[in-house]
Amino acid sequence: MVENTGISDIVKDENLVYQKTKVLTDKVMHYCPGCGHGTAHRLIAEVIEEMDIQAGTIGVTPVGCAVLMYNYLDIDMQEAAHGRAPAVATAIKRLMPDKYVFTYQGDGDLAAIGTAETIHACNRGENIAVFFINNGIYGMTGGQMAPTTLSGMKSSTSPYGRDVQMMGNPLKMTELVAQLPGTWYVTRQAVHTPASVRKAKKAIRQAFENQKLKKGLSLVEIVSNCNSGWKMSPVEANKWMVENMFPFYPPGDIKLEGKMVGKE
Amino acid sequence: MVENTGISDIVKDENLVYQKTKVLTDKVMHYCPGCGHGTAHRLIAEVIEEMDIQAGTIGVTPVGCAVLMYNYLDIDMQEAAHGRAPAVATAIKRLMPDKYVFTYQGDGDLAAIGTAETIHACNRGENIAVFFINNGIYGMTGGQMAPTTLSGMKSSTSPYGRDVQMMGNPLKMTELVAQLPGTWYVTRQAVHTPASVRKAKKAIRQAFENQKLKKGLSLVEIVSNCNSGWKMSPVEANKWMVENMFPFYPPGDIKLEGKMVGKE
Amino acid sequence: MAKSKGSIIVDKERCKGCEICVLACPTGVISLAREVNSKGYHFAYMENPEACTGCTNCAVVCPDGVITVYRKKVNA
Amino acid sequence: MAKSKGSIIVDKERCKGCEICVLACPTGVISLAREVNSKGYHFAYMENPEACTGCTNCAVVCPDGVITVYRKKVNA
Amino acid sequence: MKELKLMKGNEAIAEAAIRAGADAYFGYPITPQSEILEYLMAEKPHERTGMVVLQAESEIAAINMVYGGAACGRKVITSSSSPGISLKQEGLSYIAGSELPCVVVNVVRGGPGLGTIQPAQSDYFQAVKGGGHGDYRLIVLAPQSVQEMADFVDLGFELAFKYRNPLMILTDGALGQMMEKVWLQEQKPRMKTFPEWATTGKTPDRERNIITSLDLDSAEQEKFNMKIQEKYRKMEAEEVRFETTDTEDAEYLLVAYGTSARICQKSVRLARDKGIKAGLLRPVTLFPFPKKILSELAGKVRGILTVEMSTGQMVEDVRLAVEGKVQVEHYGRMGGIIPSPEDIVDALGKNFLK
Amino acid sequence: MKELKLMKGNEAIAEAAIRAGADAYFGYPITPQSEILEYLMAEKPHERTGMVVLQAESEIAAINMVYGGAACGRKVITSSSSPGISLKQEGLSYIAGSELPCVVVNVVRGGPGLGTIQPAQSDYFQAVKGGGHGDYRLIVLAPQSVQEMADFVDLGFELAFKYRNPLMILTDGALGQMMEKVWLQEQKPRMKTFPEWATTGKTPDRERNIITSLDLDSAEQEKFNMKIQEKYRKMEAEEVRFETTDTEDAEYLLVAYGTSARICQKSVRLARDKGIKAGLLRPVTLFPFPKKILSELAGKVRGILTVEMSTGQMVEDVRLAVEGKVQVEHYGRMGGIIPSPEDIVDALGKNFLK
Amino acid sequence: MTEEIIIAGFGGQGVLSMGKILAYSGIMQDQEVSWMPSYGPEMRGGTANVTVILSDEPISSPIINRFDTAIILNQQSMDKFEGSVKAGGLLLYDGNGITRHPERKDIRVYRVDAAEEAAKMESARIFNMIVLGGFLKVKPLVKIENVRKGIAESLPERHHGLIPLNEKAVLRGMEIVKQVFEPETK
Amino acid sequence: MTEEIIIAGFGGQGVLSMGKILAYSGIMQDQEVSWMPSYGPEMRGGTANVTVILSDEPISSPIINRFDTAIILNQQSMDKFEGSVKAGGLLLYDGNGITRHPERKDIRVYRVDAAEEAAKMESARIFNMIVLGGFLKVKPLVKIENVRKGIAESLPERHHGLIPLNEKAVLRGMEIVKQVFEPETK
Ligand SMILES: Cc1ncc(C[n+]2csc(CCOP(=O)(O)OP(=O)(O)O)c2C)c(N)n1
Ligand SMILES: Cc1ncc(C[n+]2csc(CCOP(=O)(O)OP(=O)(O)O)c2C)c(N)n1
Ligand code: SF4
Ligand code: SF4
Ligand code: SF4
Ligand code: SF4
Ligand code: SF4
Ligand code: SF4
Ligand SMILES: [Mg+2]
Ligand SMILES: [Mg+2]
């Protein structure tokens, strides 16, 4: 496996500064090259390792590209019906309040079919973490329009671009749930650059740590590319994301410790 | 029928200043004495009469105490499944864009089971009117807790008062949908006094008029008593409503012509 | 000065005796009857008919829409 | 002044050639290979190994977590 | 020590759930079963046993909460009535497909659609053939008294866990709303250890547990389908429950479950008073269905009449069991109307004695 | 003039809907049927015919949009695949209970639960017995080719409107995904007048129209139940559709629908090549089910084998029709696996010729 | 012995709890009992009724259309249930608000003016116990000590102070009930 | 005549559209055709395959496990489908990226180095047409004029300018295809 030893005396156990966490299994992820799902999975796994809560964590996977997340994280997981992960996680947390419980959901899952479950878990203030991967599209089923698809953006069910008049507005679910008293921490992140990855990881960690406080739900949105759905190369897709998604879905904290961050 | 003629020369056709609109049928409404549903129905009927749009209006009734509204309004109506009235109305309006289409929904219907349909019809900006009767309880099924039940408020499923920690927060659905770009007019009204009734009627009229603009959805919340569910006399119930519901659900306009009213 | 005098008609069989109109009347015209109608409700009636100005307040708040209002200008 | 020298190991069979790491490396260490792995992907490799500082940027952005990073302090 | 109470069927289910050591109830109000949630809320089971009771935002949320709780190896129960049960069909299919145990109560009302809120038995097909997608079965228990409403909760959990399968208590508005006396069992402690497949947190001593119904590989999915079919065959071999009344010498057999069965008991007596040798077979498990006894009885009687508060659903299972050996007819009432014992005797007469 | 195309079954349904003059499609993506919505969106039917096409927020929203549109007397269609169809069960029961016409397409995949995305026929019970609550029936058409995928849309609307009843096209992932040649009918104009029961706005010349499935009065609800049962009996009398292959002299009868029926056609030939006199009955309408012909054929053959991509569902209807006259066995594959013609001949042999 | 009873009136008259006490009293003397309310959208002022069956043997159908006894507390219930009393059966009613008195000639008719009496006793809440007393006078199905136990069982603990008042009401009902019609015995 | 073909490779190699053109060509000469893709979560870089059947009679099963011809365009597909060619059948493959060459001794094996050729022709998009040409050389199932029609029908109008290039690629494939194994005829 060692292909590029470079300077062979650097590659030594004592010099190791980064390697795949043990909380990720060895299974090759089925995601398209450059898809943000992989990075998001890894960050969650790293946080679980760092907090040493592998035995203390139950994850809930969505229906979406991340449906098979349970193949990659070495923790107990449940696969929820499309959109219902927050309801599933509610039950887990209520029955095992000392566990760390998270859902991992796409934008179709969380903001279309699962709208009611999302809003109500947030509103009840369930002490769980919700990781919300917003790639503006239904990745798994072949790139259909999602609630978060931008105005004018093409998808397989908006082949001429999203016509807001006909198809409705893109939905900022994250801003919406931040309005609810049951959410404690709401933030929007990305994973396309080293800096953004490091910030996103902090946010994920925060969402786990918050569960100890029992003050409500933490939601971390991760704006991500679906290069397949967008029909671009991964690198192009990340660029497009920065130029088009970020203006509408700006990364940054929205609600901290139960309070909205600097209202506009 | 004429019981209290008072001064018999007053009671003459030419002196008639108020009588039940023809758009209401003669059927006695099944509501409990003093229930706001009756008043709300009447106002809608009066607006339809005044706008002369009996043939131009299709209404959608909910599952809730108002399920039988179709017995009282002399217009074409559809009875939707619990919570799905906004989806039903979406189809009607899209197929008959020149008709006036409204839904009439309780708080359980609109803000619990129907959350997704409510949010998405609002977000798509369907050109319909939604009349939302918020009585803080599930009236029809016998007074269970609704999403809008106040903190500490008793109901048959919160017999010791709503415990927010356990049962979640009361949900301000109206404020929430006002955040969505698809809503054009969002207001909260009541029908417990002559003045409030007159204002509520104006709001209802506005919601109908707005449909001509094709600028989005109008939602009129009417805070109302469910004296049966609250286990009070109608008069007590209205008093309790003013003292307890209004502080949390303050009457007033929330969004006018697509813009939030005076942000706090 | 022209004043208004009014009168209301309550459809007593349809009245549910909720008392909302009683509260709404600015001039204290309405009370609930001692008797009940066939549904068992103490129905509303004009206890002080002379006081009625025909302002329609009672009718607009009546949940069951059972009040009809008449008004006439009279010279005071 | 103490400087860092680094080296990365790419698990070439698991690399999907997405090029994200290439963009993320501040010192231009990484390129995609001309050859493909058994999955048909042009995998990443250290084209300029001397330039690697072991900053881990490449590894933290790699969606497939296939990069291992080593770093050693060296005297400049 | 058992305790004697006068209770509604709905209340009996709720109290029985607490006493069975249930870990959680998730539900949404709907007539005629809202008393289950109401009773639980009034009883503060979080204080009595630590049981979690939560009013969900919808039936769909409730059934998916059941999924989440059951996947933790917990005893979880939900209840609803016909329209609400329809909404749970996707969730039920997921629960069956993930092999999770749970108890689901359907207090049936008249349908289709919003229908009436009066008692009916028109959700038999949905319960027994699988209202959700894919090949799966629920174990279905049909109580006929408030006592059984209580008893079947504990039995339900036992069977559900034994087979890792969702179980339905199929009852109706009459049994839910009526009060009868009921002997309640003693409080069982809640479970302290959980099945080894449950998602309770991956400890170093075991592989991680995954609860899913997905298998993208058709061959694997087929294997799974065959595995659960095995389970259903085992239920058919071992779990069939039924009751017979006066079948030894019966010339005409009534077949009925739940409320209808109860009424038929009286019909049997009325018929015998008139000299008609009637008997009754009451399936207690609707799946697995008592095929064998039916097939046996079919060889002995001159006619079979099924009595259902529906247009005729169980009658198909009776016909399938009887395989043409004897004429099978159906008598039903709909829309919330409960047949009287006399009506049933008349129907017997009209079908077989004219 | 008809037009020849090479199309996926899903695309054929979409194009056929436009050409049938459908007024609206409401749906939510799910494999293996997302091409229906995608094709429609690409075709801009709002420009071609004025047809409304809307991607709903969920299957539940979609079926309730269908309700709203159908109640306006419009031709409305929706489609989904197994889990999504489960979510539509409440809505379907409402549509049936309100006597509304519409077409619902189920492109079945392997279940239960999330299952596989490969073709299956395991939603037969759900489609035919009523997956929703209450006594109601869907008319169910089972196409076996891309041509029929197209043809049955128009036929579906015709029958749905004739009976004021929801109709399901029960197909599978294989037929949805495969391309074949298809002759498309000419564009039909959209309706200009609407049924008199529709909510099109109460004009002074008529009473108001109310679309509801509620009747709080049990006696009235029972009358309604009897009325729709009448309708179902009429369908059974008049709308049964089936096809036979080589049944005249058949000693062994295969019974299969849809994809399985198509494969069985080859099996019949293979069997005859081996000297086994096989024939095929293919039900085209699954409800109403071709009972009569089956009962007739049952008297003539030595054995019946049903072939389904399921663990055996239609086999029950076959047994009910046959009433024990002849042995009925089932051969099935599951989880997305399609049986081969040879497998079926083997199964015939194993069951009847050993 | 099986006695099938319908109790019908307005919601709020204590119809359901009267039935419940009757049922509990039956249990206290080891009978089989069933109590089946009409149910529906709870709407104040609507009608309420309950079918109570007391029997020495298991009860088959809890919902029946013909009754041994009808206890009728308003006009609507009179209109609805007068006809469903079995020939030879009993109809007991409170005359308050009754505009059309019972007309059947094949049943025994009794009247107990419980509303009036309750007003005199200054407690509207014991109205239903007065009616119950009237009924038990005519048909002494359950022993008075069992009624006492029934009241105790069916009242929440915190209302046990009211037991004596309730008992008094039952006894009062027994005093004031009066027969208004007796069919000719053929 | 019935020919059952599997075409398998990476997503993006034009596997599906090659199958579609083949199917359309069949239609153009009045054959029955079916085209059945493997489908699933669309994931870039995953494998893609399609079963195409051309026949003079109605096609029963569109999904089959054994094929007259396998056209194989990467190693994974080689591993998966080499075994499913019927004895005496045909396996055609592109050698690019193939690490384990076909080993069956009971089938005819042909090779068409289309990737290399497409690179030479400076158009990666016609890769699949070169393969098609190779196949049609070995099995001339459809006439070349029908292939032309098939290309025209299956390409969107706006790409019709590319028809000549596609045709050229088909012809080129016919030239460069070469047999690498012929089983002994018994
Ligand atoms: C009830 C139901 N409806 C629809 C589907 C089909 N489906 C699977 S994934 C998906 C959407 C995935 O999109 P998203 O949640 O954004 O996740 P992504 O794949 O983009 O990460 C849909 C509609 C399903 N499996 N179940
Ligand atoms: C799917 C479904 N779930 C539940 C019910 C039962 N149900 C009928 S009305 C209602 C709630 C009514 O409350 P609300 O919407 O607030 O209306 P209100 O009666 O207070 O006006 C419920 C839960 C139903 N009919 N259908
Ligand atoms: S389809 Fe999109 S979301 Fe799914 S794996 Fe590929 S890039 Fe990621
Ligand atoms: S129950 Fe409540 S909402 Fe319903 S009619 Fe009575 S007062 Fe009104
Ligand atoms: S408001 Fe109307 S119903 Fe109420 S008491 Fe007055 S007249 Fe009667
Ligand atoms: S019209 Fe005005 S003054 Fe007259 S009774 Fe009504 S409220 Fe009173
Ligand atoms: S980021 Fe990872 S997968 Fe992508 S090219 Fe670099 S090493 Fe390979
Ligand atoms: S560790 Fe830093 S310097 Fe070295 S290759 Fe990675 S990104 Fe470049
Ligand atoms: Mg997405
Ligand atoms: Mg309400």
# chains A, B, ... in the order shown; residues from 1 in each chain; ligands from 1
>>> residues_near_ligand(ligand="ligand 2", cutoff="7 Å", atoms="only C-alpha atoms and all ligand atoms", output="number ranges by chain")
B: 63-66, 81-82, 105-110, 133-141, 146, 226; E: 28-31, 58-59, 83-84, 87, 114
>>> residues_around(residues="Val131 (chain G)", least_positions_apart="3", cutoff="9 Å", atoms="only C-alpha atoms", output="list in words")
Met18, Ile71, Leu92, Tyr93, Asp94, Val112, Asp113, Ala114, Ala115, Ile126, Phe127, Asn128, Gly134, Phe135, Leu136, Ala169, Val170, Gly173, Met174 and Val177 of chain G
>>> write_last_selection(atoms="all heavy atoms", output="tab-separated table (two decimals), in the first residue's frame")
chain	number	residue	atom	x	y	z
G	18	MET	N	-73.88	7.61	36.20
G	18	MET	CA	-74.97	6.83	36.78
G	18	MET	C	-74.89	5.39	36.30
G	18	MET	O	-75.01	4.43	37.08
G	18	MET	CB	-76.30	7.44	36.36
G	18	MET	CG	-77.51	6.66	36.79
G	18	MET	SD	-78.98	7.56	36.20
G	18	MET	CE	-80.20	6.28	36.33
G	71	ILE	N	-84.25	4.63	30.89
G	71	ILE	CA	-84.30	5.74	31.84
G	71	ILE	C	-84.05	7.00	31.01
G	71	ILE	O	-82.98	7.16	30.42
G	71	ILE	CB	-83.23	5.56	32.94
G	71	ILE	CG1	-83.50	4.25	33.69
G	71	ILE	CG2	-83.20	6.76	33.86
G	71	ILE	CD1	-82.46	3.90	34.73
G	92	LEU	N	-88.70	4.83	32.70
G	92	LEU	CA	-88.64	5.74	33.84
G	92	LEU	C	-88.17	7.08	33.33
G	92	LEU	O	-87.18	7.12	32.58
G	92	LEU	CB	-87.65	5.19	34.87
G	92	LEU	CG	-87.35	6.09	36.07
G	92	LEU	CD1	-88.49	6.04	37.08
G	92	LEU	CD2	-86.04	5.65	36.75
G	93	TYR	N	-88.85	8.18	33.68
G	93	TYR	CA	-88.38	9.46	33.15
G	93	TYR	C	-88.51	10.59	34.15
G	93	TYR	O	-89.25	10.51	35.12
G	93	TYR	CB	-89.09	9.78	31.83
G	93	TYR	CG	-90.52	10.25	31.96
G	93	TYR	CD1	-90.85	11.59	31.74
G	93	TYR	CD2	-91.54	9.35	32.27
G	93	TYR	CE1	-92.17	12.03	31.84
G	93	TYR	CE2	-92.87	9.78	32.37
G	93	TYR	CZ	-93.18	11.12	32.15
G	93	TYR	OH	-94.46	11.54	32.26
G	94	ASP	N	-87.74	11.62	33.87
G	94	ASP	CA	-87.83	12.85	34.64
G	94	ASP	C	-88.70	13.80	33.83
G	94	ASP	O	-88.44	14.04	32.65
G	94	ASP	CB	-86.42	13.43	34.85
G	94	ASP	CG	-86.45	14.70	35.69
G	94	ASP	OD1	-87.41	15.48	35.55
G	94	ASP	OD2	-85.50	14.92	36.46
G	112	VAL	N	-89.83	10.15	37.86
G	112	VAL	CA	-89.12	10.63	39.04
G	112	VAL	C	-88.67	12.06	38.74
G	112	VAL	O	-87.88	12.28	37.82
G	112	VAL	CB	-87.95	9.69	39.42
G	112	VAL	CG1	-86.98	9.51	38.26
G	112	VAL	CG2	-87.22	10.18	40.66
G	113	ASP	N	-89.19	13.01	39.44
G	113	ASP	CA	-88.84	14.39	39.12
G	113	ASP	C	-87.57	14.78	39.85
G	113	ASP	O	-87.56	15.58	40.80
G	113	ASP	CB	-90.03	15.32	39.40
G	113	ASP	CG	-91.08	15.18	38.30
G	113	ASP	OD1	-90.70	14.74	37.18
G	113	ASP	OD2	-92.26	15.45	38.55
G	114	ALA	N	-86.52	14.25	39.36
G	114	ALA	CA	-85.23	14.36	40.03
G	114	ALA	C	-84.64	15.75	39.91
G	114	ALA	O	-83.99	16.24	40.84
G	114	ALA	CB	-84.26	13.32	39.45
G	115	ALA	N	-84.87	16.41	38.79
G	115	ALA	CA	-84.30	17.74	38.61
G	115	ALA	C	-84.85	18.69	39.67
G	115	ALA	O	-84.11	19.41	40.34
G	115	ALA	CB	-84.61	18.27	37.20
G	126	ILE	N	-76.25	15.71	42.24
G	126	ILE	CA	-76.81	14.43	42.68
G	126	ILE	C	-78.08	14.07	41.93
G	126	ILE	O	-78.72	13.05	42.22
G	126	ILE	CB	-77.10	14.43	44.20
G	126	ILE	CG1	-77.99	15.62	44.53
G	126	ILE	CG2	-75.80	14.47	45.00
G	126	ILE	CD1	-78.68	15.50	45.87
G	127	PHE	N	-78.42	14.88	40.94
G	127	PHE	CA	-79.56	14.60	40.08
G	127	PHE	C	-79.60	13.12	39.66
G	127	PHE	O	-80.61	12.42	39.81
G	127	PHE	CB	-79.50	15.51	38.85
G	127	PHE	CG	-80.37	15.10	37.71
G	127	PHE	CD1	-81.73	15.36	37.73
G	127	PHE	CD2	-79.83	14.46	36.60
G	127	PHE	CE1	-82.53	14.99	36.66
G	127	PHE	CE2	-80.63	14.08	35.53
G	127	PHE	CZ	-81.99	14.35	35.56
G	128	ASN	N	-78.48	12.66	39.16
G	128	ASN	CA	-78.46	11.30	38.60
G	128	ASN	C	-78.66	10.23	39.69
G	128	ASN	O	-79.23	9.18	39.43
G	128	ASN	CB	-77.19	11.05	37.79
G	128	ASN	CG	-75.92	11.22	38.61
G	128	ASN	OD1	-75.96	11.73	39.74
G	128	ASN	ND2	-74.79	10.81	38.05
G	134	GLY	N	-84.77	6.13	42.12
G	134	GLY	CA	-86.09	5.85	41.59
G	134	GLY	C	-86.12	4.52	40.86
G	134	GLY	O	-87.03	3.69	41.05
G	135	PHE	N	-85.10	4.30	40.04
G	135	PHE	CA	-85.04	3.06	39.27
G	135	PHE	C	-84.94	1.85	40.20
G	135	PHE	O	-85.65	0.85	40.04
G	135	PHE	CB	-83.85	3.11	38.31
G	135	PHE	CG	-83.56	1.81	37.64
G	135	PHE	CD1	-84.50	1.19	36.83
G	135	PHE	CD2	-82.33	1.17	37.83
G	135	PHE	CE1	-84.24	-0.02	36.21
G	135	PHE	CE2	-82.07	-0.04	37.23
G	135	PHE	CZ	-83.02	-0.64	36.41
G	136	LEU	N	-84.07	1.96	41.20
G	136	LEU	CA	-83.84	0.80	42.07
G	136	LEU	C	-85.06	0.50	42.94
G	136	LEU	O	-85.26	-0.64	43.37
G	136	LEU	CB	-82.60	1.03	42.93
G	136	LEU	CG	-81.29	1.00	42.12
G	136	LEU	CD1	-80.10	1.34	43.03
G	136	LEU	CD2	-81.08	-0.36	41.46
G	169	ALA	N	-79.32	10.86	48.23
G	169	ALA	CA	-80.04	11.12	46.99
G	169	ALA	C	-80.70	9.86	46.46
G	169	ALA	O	-81.85	9.87	46.00
G	169	ALA	CB	-79.09	11.72	45.94
G	170	VAL	N	-79.97	8.76	46.51
G	170	VAL	CA	-80.55	7.49	46.06
G	170	VAL	C	-81.82	7.19	46.87
G	170	VAL	O	-82.87	6.86	46.31
G	170	VAL	CB	-79.53	6.35	46.20
G	170	VAL	CG1	-80.17	4.99	45.91
G	170	VAL	CG2	-78.34	6.58	45.27
G	173	GLY	N	-84.66	9.42	45.92
G	173	GLY	CA	-85.24	8.98	44.65
G	173	GLY	C	-86.23	7.84	44.88
G	173	GLY	O	-87.29	7.77	44.25
G	174	MET	N	-85.87	6.94	45.75
G	174	MET	CA	-86.76	5.81	46.04
G	174	MET	C	-88.09	6.30	46.59
G	174	MET	O	-89.13	5.70	46.33
G	174	MET	CB	-86.10	4.87	47.04
G	174	MET	CG	-84.92	4.14	46.43
G	174	MET	SD	-84.17	3.01	47.62
G	174	MET	CE	-83.32	1.89	46.51
G	177	VAL	N	-90.25	8.48	43.50
G	177	VAL	CA	-90.63	7.87	42.22
G	177	VAL	C	-92.11	7.48	42.29
G	177	VAL	O	-92.61	7.04	43.33
G	177	VAL	CB	-89.75	6.64	41.92
G	177	VAL	CG1	-89.97	5.53	42.92
G	177	VAL	CG2	-89.98	6.15	40.48
>>> residues_near_ligand(ligand="ligand 6", cutoff="7 Å", atoms="only C-alpha atoms and all ligand atoms", output="VMD selection string")
chain C and resid 6 to 8 21 24 to 30 46 51 to 59 69
>>> select_by_dssp(residues="chain D", states="strand (DSSP E)", output="VMD selection string")
chain D and resid 2 to 10 30 to 36 42 to 46 67 to 75
>>> residues_around(residues="Met235 (chain E)", least_positions_apart="4", cutoff="7 Å", atoms="only C-alpha atoms", output="VMD selection string")
chain E and resid 231 239 288
>>> write_last_selection(atoms="all heavy atoms", output="PDB file, in the first residue's frame")
ATOM      1  N   LYS E 231     -40.377 -18.101   9.402  1.00  0.00           N
ATOM      2  CA  LYS E 231     -40.894 -17.644  10.672  1.00  0.00           C
ATOM      3  C   LYS E 231     -42.419 -17.716  10.668  1.00  0.00           C
ATOM      4  O   LYS E 231     -43.053 -18.155  11.624  1.00  0.00           O
ATOM      5  CB  LYS E 231     -40.439 -16.187  10.823  1.00  0.00           C
ATOM      6  CG  LYS E 231     -40.343 -15.674  12.177  1.00  0.00           C
ATOM      7  CD  LYS E 231     -39.491 -14.395  12.213  1.00  0.00           C
ATOM      8  CE  LYS E 231     -40.225 -13.158  11.752  1.00  0.00           C
ATOM      9  NZ  LYS E 231     -39.456 -11.915  12.022  1.00  0.00           N
ATOM     10  N   GLU E 239     -48.528 -21.299  16.830  1.00  0.00           N
ATOM     11  CA  GLU E 239     -49.182 -20.223  17.567  1.00  0.00           C
ATOM     12  C   GLU E 239     -50.667 -20.058  17.290  1.00  0.00           C
ATOM     13  O   GLU E 239     -51.282 -19.088  17.721  1.00  0.00           O
ATOM     14  CB  GLU E 239     -48.471 -18.887  17.309  1.00  0.00           C
ATOM     15  CG  GLU E 239     -46.996 -18.885  17.631  1.00  0.00           C
ATOM     16  CD  GLU E 239     -46.693 -19.167  19.100  1.00  0.00           C
ATOM     17  OE1 GLU E 239     -47.625 -19.074  19.940  1.00  0.00           O
ATOM     18  OE2 GLU E 239     -45.540 -19.495  19.400  1.00  0.00           O
ATOM     19  N   PRO E 288     -51.456 -16.326  12.877  1.00  0.00           N
ATOM     20  CA  PRO E 288     -51.835 -17.444  12.002  1.00  0.00           C
ATOM     21  C   PRO E 288     -53.309 -17.822  12.164  1.00  0.00           C
ATOM     22  O   PRO E 288     -53.821 -17.811  13.272  1.00  0.00           O
ATOM     23  CB  PRO E 288     -50.919 -18.570  12.478  1.00  0.00           C
ATOM     24  CG  PRO E 288     -50.594 -18.217  13.902  1.00  0.00           C
ATOM     25  CD  PRO E 288     -50.537 -16.727  13.943  1.00  0.00           C
TER      26      PRO E 288
END
>>> select_by_dssp(residues="region 24-257 of chain F", states="helix (DSSP H, G or I)", output="VMD selection string")
chain F and resid 34 to 43 45 to 48 59 to 71 82 to 87 89 to 97 124 to 130 146 to 163 173 to 177 218 to 238
>>> residues_around(residues="Ala142 (chain E)", least_positions_apart="3", cutoff="12 Å", atoms="only C-alpha atoms", output="ChimeraX atom specification")
/E:105-108,121,123-124,127-128,139,145-153,155-156,167-172,175,241-243,256-262,282-289
>>> interface_residues(of="chain E", to="chain G", cutoff="12 Å", atoms="only C-alpha atoms", output="PyMOL selection string")
chain E and resi 4-9+30-35+109+116-119+144-147+173-183+258-270+336-343
>>> interface_residues(of="chain H", to="chain D", cutoff="12 Å", atoms="only C-alpha atoms", output="number ranges by chain")
H: 9-13, 44-47, 73-77, 79, 96-100
>>> interface_residues(of="chain B", to="chain C", cutoff="8 Å", atoms="only C-alpha atoms", output="MDAnalysis selection string")
chainID B and resid 1:7 10:12 15:20 28:29 32:40 42 191:194 197:198 233:235
>>> atom_distance(atom1="CA of Leu159 (chain F)", atom2="CA of Pro101 (chain F)")
8.3 Å
>>> closest_atom_pairs(of="chain B", to="chain F", cutoff="6 Å", atoms="only C-alpha atoms", output="CSV")
residue,atom,partner,partner_atom,distance
B:Ala55,CA,F:Gly201,CA,4.4
B:Gly56,CA,F:Gly201,CA,5.3
B:Thr57,CA,F:Gly201,CA,5.8
B:Ile75,CA,F:Arg208,CA,5.4
B:Asp76,CA,F:Asn209,CA,4.8
B:Met77,CA,F:Ile210,CA,5.0
B:Gln78,CA,F:Ile211,CA,4.7
B:Glu79,CA,F:Thr212,CA,5.0
B:Ala87,CA,F:Met65,CA,5.1
B:Val88,CA,F:Gly68,CA,4.3
B:Ala91,CA,F:Met65,CA,5.0
B:Ile92,CA,F:Gly69,CA,5.4
>>> atom_distance(atom1="CA of Val186 (chain B)", atom2="CA of Leu217 (chain B)")
8.4 Å
>>> interface_residues(of="chain B", to="chain A", cutoff="6 Å", atoms="only C-alpha atoms", output="list of chain:residue names")
B:Thr115, B:Ala116, B:Asn123, B:Arg124, B:Gly168, B:Asn169
>>> write_last_selection(atoms="C-alpha atoms", output="compact mmCIF listing (two decimals), in the first residue's frame")
# COMPACT_ATOMS: atom_id res chain seq x y z
CA THR B 115 -47.24 20.36 9.39
CA ALA B 116 -45.51 19.31 6.18
CA ASN B 123 -43.48 27.78 0.79
CA ARG B 124 -44.71 27.12 -2.71
CA GLY B 168 -42.58 20.00 23.87
CA ASN B 169 -43.21 23.67 23.38
